[in-house]
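Asker: Right, I'll just put the structure down here and ask away after.
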Amino acid sequence: MNSRKRRIYYWTASLLVFCVITLFELGPLIWMGLTSIKPAGSEFSIPVRIFPEQPTGENYRTVTGEGFNIQRALGNSLIVSSTAMIGTLLLSSMAAFVIARLRFRCRHTAFFTIQLAGLVPPIIVIAPTFILLRNTGLLGSLWAMILPHMAYGIPLATLLITGFFGSIPVEIDEAARIDGAGSGRIFFRILLPVISPALFSAGVLSFLGSWGDFMHAFTVSLGLPRLQTVPVAILSFSSAFQLQWTWIAAGVMISVVPVVAIVVLFQRYLIGGLTRGAV
Amino acid sequence: MNVPGGWRRSRSGPDAGKYGAGPHYRNEGWGFILPAFLCITIFYFYPLLQSVVYSFFQLEYTTDWLHAPFVGLRNYAAVMGSIEFWQSVRFTLLFTAGVVVLDLSAGMLLAIAAYWIHPALRALLRTIIIIPWAIPRVIQASIWRWMFNSDVGIIGTLLVRLGLAAEAPLFLADPNLALVCVVLTYVWKGASISAVFLMAGLASVPQDLHDAARIDGAGRLRRFFAVTLPVMFPTLVVTMLFRLRDALRVFDVIIGLTGGGPGNATESLNTFAYRMYFDFNNYGLGSAYAFIIFLIIGIISIFYMKKFLGRFDFVR
């Protein structure tokens, strides 16, 4: 009887804690979702109604229509983040291969230099980078975001992949070398498939890093809608259409779906990648 | 051991048995690492140096850049002498202190809850805790700006309905409240990040230590402070440094939530430097300003690097 009582108590307390935390973590999103299905203009009516009287999909039609075109921002973000991610993964895994696998004189210096770059705050590189991009004519294209984002992902990705190499037996390389394979072959044909878990978590992290970047994307988008990524587009919504929060809410809801999906699907890799070495 | 073709595995020295390749692979190494180096140099080290150079010149957008006057340390003096600089230092420090304390304590509560909760709910709860972490900061700022709306925001409305306030406070119009709002918005995401780290830390506390303490008669609270916290201490330090570095760089949330206002009340180091560059087009002053930020963060980072990199045996 006593243990049964305790079980019930444990369940009730668990449920209570669960609800409180869910409200804290998802409450803002839920409120945004509720706002996004209110008829435009009714979000300002007093007294405040938490649930809309007449739910409508009108706001979603508006933000995906001509004037706002949130799909374009989503498309830009997708292009920028995935291209930058592929570049980051390629460059970092090659660097990690040298650092972890080859008898390379500057191995330690190389690792340290790459990690040092990760500590440079974005604000100090933003202006010279902007000028560099302008002088090379990249400004005004998505490359002005892709290339820097690629570089910004390298320190963390190199850290993760180098760490992962440590858990793979060196005998694999040695056997391949005896069979006459060169470094290139060993890396691309043999090791790349083996390190795919590390590539995966480094990839998701650099994708999200690029997706969430605001300072750089905002600077090089030059206020042009055709260059805006999702965060920049949402901010320009809220400054250009101050008063139409139902529209902003619909834009936010659409823009949040991809990243939330990524996190829910790949959380195991994310946590593994993030906490590796830190804990 | 010598293999035809000059391949040799070292049997002695610090690399014994660890790195399979012989000395003649050194040149191949360059080919693999140069692309990453080039990328890092172009987008990190070159702009960093360029900024330092800029900071010694009087550079405005309209100046002829090749003949810009050299002003020595005068930009730095101008920055240090401006009221706005010290205002933003004050704001950034207050903000950082608030964020670090709240991030870690909320993160700890979340981690403990995820650890303690009924196993049937555990996986779901972890997923929910991680969701805010995925949302870009600017979008997060938009969400909270709507919630902090003083007329129809949900937070003000709830405060009034619960009888905690006579009328909804002007959240973003009052300098002190605006600081609180920026911190709260930041913590929504920061607590998730801290919780992820601390959950991993909690999992590393050995169960037998807990059992031993229980047998010795330690209560729940006592066990937390005498067993869990000391074992988790390294994790806690690393998490704190992560959060500290993050908070010192605050930019997105402020742009999205208050735009630095009311007045300059929520102008952070980063937003102010950014304005110098792109609103006032004063690259010299902006660079001096950014370099000061770099020094502040650098000092903290060196401490952090020592902690962090010591854990990788290939760097020691």
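Every chain in the structure tokens has a letter given in the order shown (A, B, ...), and although residue numbers restart at 1 in each chain, ligands are simply numbered from 1 in the order shown.
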Identify every residue of chain A that has at least one atom within 6 Å of any atom of chain B, counting only C-alpha atoms, and report the result as a CSV table (one decimal) with N, CA and C atoms, in the first residue's frame.
Answerer:
chain,number,residue,atom,x,y,z
A,14,SER,N,5.8,13.9,-11.2
A,14,SER,CA,6.5,13.9,-12.5
A,14,SER,C,5.7,14.6,-13.6
A,48,VAL,N,-7.5,40.8,-23.8
A,48,VAL,CA,-6.7,39.8,-24.5
A,48,VAL,C,-7.3,38.5,-24.5
A,91,LEU,N,36.6,20.4,-45.4
A,91,LEU,CA,37.8,21.0,-45.0
A,91,LEU,C,38.2,20.6,-43.6
A,94,MET,N,39.4,16.9,-43.5
A,94,MET,CA,40.8,16.7,-44.0
A,94,MET,C,41.8,17.2,-43.0
A,95,ALA,N,41.5,18.4,-42.4
A,95,ALA,CA,42.5,18.9,-41.4
A,95,ALA,C,42.6,18.0,-40.2
A,98,VAL,N,44.8,15.0,-40.9
A,98,VAL,CA,46.3,15.3,-40.8
A,98,VAL,C,46.6,15.4,-39.3
A,101,ARG,N,46.1,11.7,-37.7
A,101,ARG,CA,46.6,10.5,-38.3
A,101,ARG,C,48.0,10.5,-38.9
A,102,LEU,N,48.4,11.7,-39.4
A,102,LEU,CA,49.7,11.7,-40.2
A,102,LEU,C,50.8,12.2,-39.3
A,103,ARG,N,52.0,11.6,-39.6
A,103,ARG,CA,53.2,12.2,-38.9
A,103,ARG,C,53.5,13.5,-39.6
A,104,PHE,N,53.0,14.5,-39.0
A,104,PHE,CA,53.0,15.8,-39.6
A,104,PHE,C,53.6,16.8,-38.6
A,108,HIS,N,50.5,19.8,-33.8
A,108,HIS,CA,50.0,20.5,-32.7
A,108,HIS,C,49.7,21.9,-32.9
A,124,ILE,N,34.8,41.6,-34.3
A,124,ILE,CA,36.1,42.1,-34.7
A,124,ILE,C,36.4,41.8,-36.2
A,125,VAL,N,35.8,40.7,-36.7
A,125,VAL,CA,36.1,40.4,-38.1
A,125,VAL,C,35.1,40.9,-39.1
A,128,PRO,N,36.2,44.2,-41.6
A,128,PRO,CA,37.2,43.9,-42.7
A,128,PRO,C,36.7,42.8,-43.6
A,129,THR,N,35.9,41.9,-43.1
A,129,THR,CA,35.3,40.8,-44.0
A,129,THR,C,34.4,41.4,-44.9
A,151,ALA,N,33.9,29.0,-43.1
A,151,ALA,CA,35.1,29.2,-42.2
A,151,ALA,C,34.7,29.2,-40.7
A,212,GLY,N,21.4,30.0,-37.8
A,212,GLY,CA,21.1,30.9,-36.8
A,212,GLY,C,21.9,32.2,-36.9
A,231,PRO,N,16.6,34.4,-40.4
A,231,PRO,CA,16.6,35.3,-39.2
A,231,PRO,C,16.5,36.8,-39.7
A,259,VAL,N,14.1,23.9,-38.2
A,259,VAL,CA,15.1,23.6,-37.1
A,259,VAL,C,14.6,22.8,-36.0
A,275,THR,N,28.6,18.1,-26.3
A,275,THR,CA,29.1,17.9,-25.0
A,275,THR,C,30.5,17.1,-25.0
A,279,VAL,N,32.5,17.8,-21.2
A,279,VAL,CA,32.0,17.2,-20.0
A,279,VAL,C,32.9,16.0,-19.6
Asker: Residues of region 140-250 of chain A classed as helix (DSSP H, G or I) by DSSP on the backbone are to be reported as number ranges by chain.
Answerer: A: 143-165, 171-178, 183-194, 196-212, 215-220, 225-227, 230-240, 245-250
Asker: Could the residues in this selection be written to a file with C-alpha atoms, as a PDB file, in the first residue's frame?
Answerer:
ATOM      1  CA  TRP A 143      28.586  33.366 -51.651  1.00  0.00           C
ATOM      2  CA  ALA A 144      29.162  36.325 -49.359  1.00  0.00           C
ATOM      3  CA  MET A 145      27.425  34.261 -46.692  1.00  0.00           C
ATOM      4  CA  ILE A 146      28.443  30.758 -47.725  1.00  0.00           C
ATOM      5  CA  LEU A 147      32.220  31.238 -47.653  1.00  0.00           C
ATOM      6  CA  PRO A 148      32.461  32.986 -44.262  1.00  0.00           C
ATOM      7  CA  HIS A 149      29.953  30.577 -42.707  1.00  0.00           C
ATOM      8  CA  MET A 150      32.088  27.745 -44.005  1.00  0.00           C
ATOM      9  CA  ALA A 151      35.100  29.196 -42.193  1.00  0.00           C
ATOM     10  CA  TYR A 152      33.133  29.912 -39.012  1.00  0.00           C
ATOM     11  CA  GLY A 153      32.176  26.244 -38.752  1.00  0.00           C
ATOM     12  CA  ILE A 154      35.707  24.879 -39.056  1.00  0.00           C
ATOM     13  CA  PRO A 155      37.020  25.194 -35.461  1.00  0.00           C
ATOM     14  CA  LEU A 156      34.209  23.256 -33.797  1.00  0.00           C
ATOM     15  CA  ALA A 157      33.966  20.660 -36.568  1.00  0.00           C
ATOM     16  CA  THR A 158      37.722  20.063 -36.508  1.00  0.00           C
ATOM     17  CA  LEU A 159      37.598  19.645 -32.745  1.00  0.00           C
ATOM     18  CA  LEU A 160      34.818  17.056 -32.948  1.00  0.00           C
ATOM     19  CA  ILE A 161      36.243  15.080 -35.860  1.00  0.00           C
ATOM     20  CA  THR A 162      39.791  15.071 -34.473  1.00  0.00           C
ATOM     21  CA  GLY A 163      38.413  13.723 -31.224  1.00  0.00           C
ATOM     22  CA  PHE A 164      36.515  11.008 -33.043  1.00  0.00           C
ATOM     23  CA  PHE A 165      39.585   9.863 -34.981  1.00  0.00           C
ATOM     24  CA  GLU A 171      45.627  -0.412 -37.826  1.00  0.00           C
ATOM     25  CA  ILE A 172      43.043   0.419 -40.484  1.00  0.00           C
ATOM     26  CA  ASP A 173      45.367   2.996 -42.049  1.00  0.00           C
ATOM     27  CA  GLU A 174      48.369   0.775 -41.644  1.00  0.00           C
ATOM     28  CA  ALA A 175      46.759  -2.162 -43.352  1.00  0.00           C
ATOM     29  CA  ALA A 176      45.723   0.077 -46.247  1.00  0.00           C
ATOM     30  CA  ARG A 177      49.205   1.529 -46.526  1.00  0.00           C
ATOM     31  CA  ILE A 178      50.771  -1.903 -46.703  1.00  0.00           C
ATOM     32  CA  SER A 183      46.899   9.168 -47.991  1.00  0.00           C
ATOM     33  CA  GLY A 184      44.210  10.452 -50.336  1.00  0.00           C
ATOM     34  CA  ARG A 185      42.821   6.999 -50.924  1.00  0.00           C
ATOM     35  CA  ILE A 186      42.990   6.106 -47.252  1.00  0.00           C
ATOM     36  CA  PHE A 187      41.139   9.259 -46.305  1.00  0.00           C
ATOM     37  CA  PHE A 188      38.417   9.359 -48.940  1.00  0.00           C
ATOM     38  CA  ARG A 189      37.816   5.653 -49.440  1.00  0.00           C
ATOM     39  CA  ILE A 190      38.476   4.141 -46.048  1.00  0.00           C
ATOM     40  CA  LEU A 191      38.281   6.692 -43.253  1.00  0.00           C
ATOM     41  CA  LEU A 192      35.451   8.963 -44.406  1.00  0.00           C
ATOM     42  CA  PRO A 193      32.812   6.220 -44.086  1.00  0.00           C
ATOM     43  CA  VAL A 194      34.229   5.211 -40.702  1.00  0.00           C
ATOM     44  CA  SER A 196      30.506   9.329 -40.489  1.00  0.00           C
ATOM     45  CA  PRO A 197      28.992   9.588 -36.961  1.00  0.00           C
ATOM     46  CA  ALA A 198      31.341  12.479 -36.176  1.00  0.00           C
ATOM     47  CA  LEU A 199      30.665  14.022 -39.573  1.00  0.00           C
ATOM     48  CA  PHE A 200      27.004  13.797 -38.812  1.00  0.00           C
ATOM     49  CA  SER A 201      27.066  15.596 -35.487  1.00  0.00           C
ATOM     50  CA  ALA A 202      29.591  18.165 -36.712  1.00  0.00           C
ATOM     51  CA  GLY A 203      27.393  18.647 -39.758  1.00  0.00           C
ATOM     52  CA  VAL A 204      24.207  19.243 -37.810  1.00  0.00           C
ATOM     53  CA  LEU A 205      25.991  21.682 -35.502  1.00  0.00           C
ATOM     54  CA  SER A 206      27.542  23.686 -38.320  1.00  0.00           C
ATOM     55  CA  PHE A 207      24.238  23.697 -40.198  1.00  0.00           C
ATOM     56  CA  LEU A 208      22.455  25.117 -37.173  1.00  0.00           C
ATOM     57  CA  GLY A 209      25.283  27.583 -36.580  1.00  0.00           C
ATOM     58  CA  SER A 210      24.966  28.914 -40.095  1.00  0.00           C
ATOM     59  CA  TRP A 211      21.173  28.875 -39.957  1.00  0.00           C
ATOM     60  CA  GLY A 212      21.103  30.936 -36.770  1.00  0.00           C
ATOM     61  CA  MET A 215      25.245  39.503 -37.542  1.00  0.00           C
ATOM     62  CA  HIS A 216      27.052  38.431 -40.692  1.00  0.00           C
ATOM     63  CA  ALA A 217      23.964  37.524 -42.706  1.00  0.00           C
ATOM     64  CA  PHE A 218      22.357  40.854 -41.803  1.00  0.00           C
ATOM     65  CA  THR A 219      25.451  42.809 -42.816  1.00  0.00           C
ATOM     66  CA  VAL A 220      26.014  41.189 -46.195  1.00  0.00           C
ATOM     67  CA  PRO A 225      15.058  40.848 -49.719  1.00  0.00           C
ATOM     68  CA  ARG A 226      16.558  38.526 -52.334  1.00  0.00           C
ATOM     69  CA  LEU A 227      19.626  37.956 -50.128  1.00  0.00           C
ATOM     70  CA  VAL A 230      15.413  33.404 -42.336  1.00  0.00           C
ATOM     71  CA  PRO A 231      16.621  35.306 -39.228  1.00  0.00           C
ATOM     72  CA  VAL A 232      17.214  38.480 -41.248  1.00  0.00           C
ATOM     73  CA  ALA A 233      13.852  38.198 -42.984  1.00  0.00           C
ATOM     74  CA  ILE A 234      11.989  37.740 -39.695  1.00  0.00           C
ATOM     75  CA  LEU A 235      13.702  40.783 -38.210  1.00  0.00           C
ATOM     76  CA  SER A 236      12.877  42.871 -41.254  1.00  0.00           C
ATOM     77  CA  PHE A 237       9.258  41.701 -40.957  1.00  0.00           C
ATOM     78  CA  SER A 238       9.078  42.939 -37.417  1.00  0.00           C
ATOM     79  CA  SER A 239      10.588  46.297 -38.198  1.00  0.00           C
ATOM     80  CA  ALA A 240       8.723  46.900 -41.444  1.00  0.00           C
ATOM     81  CA  TRP A 245       1.952  40.621 -35.281  1.00  0.00           C
ATOM     82  CA  THR A 246      -0.260  37.890 -36.699  1.00  0.00           C
ATOM     83  CA  TRP A 247       1.845  37.991 -39.862  1.00  0.00           C
ATOM     84  CA  ILE A 248       5.119  38.005 -37.953  1.00  0.00           C
ATOM     85  CA  ALA A 249       3.837  35.115 -35.868  1.00  0.00           C
ATOM     86  CA  ALA A 250       2.995  33.116 -38.978  1.00  0.00           C
TER      87      ALA A 250
END
Asker: Applying 9 Å and only C-alpha atoms, which residues near Val71 (chain B) remain after dropping the ones on its own chain fewer than 3 positions away? List them as a ChimeraX atom specification.
Answerer: /B:55-58,74-75
Asker: Interatomic distance between CA of Leu94 (chain B) and CA of Gly263 (chain B)?
Answerer: 17.1 Å
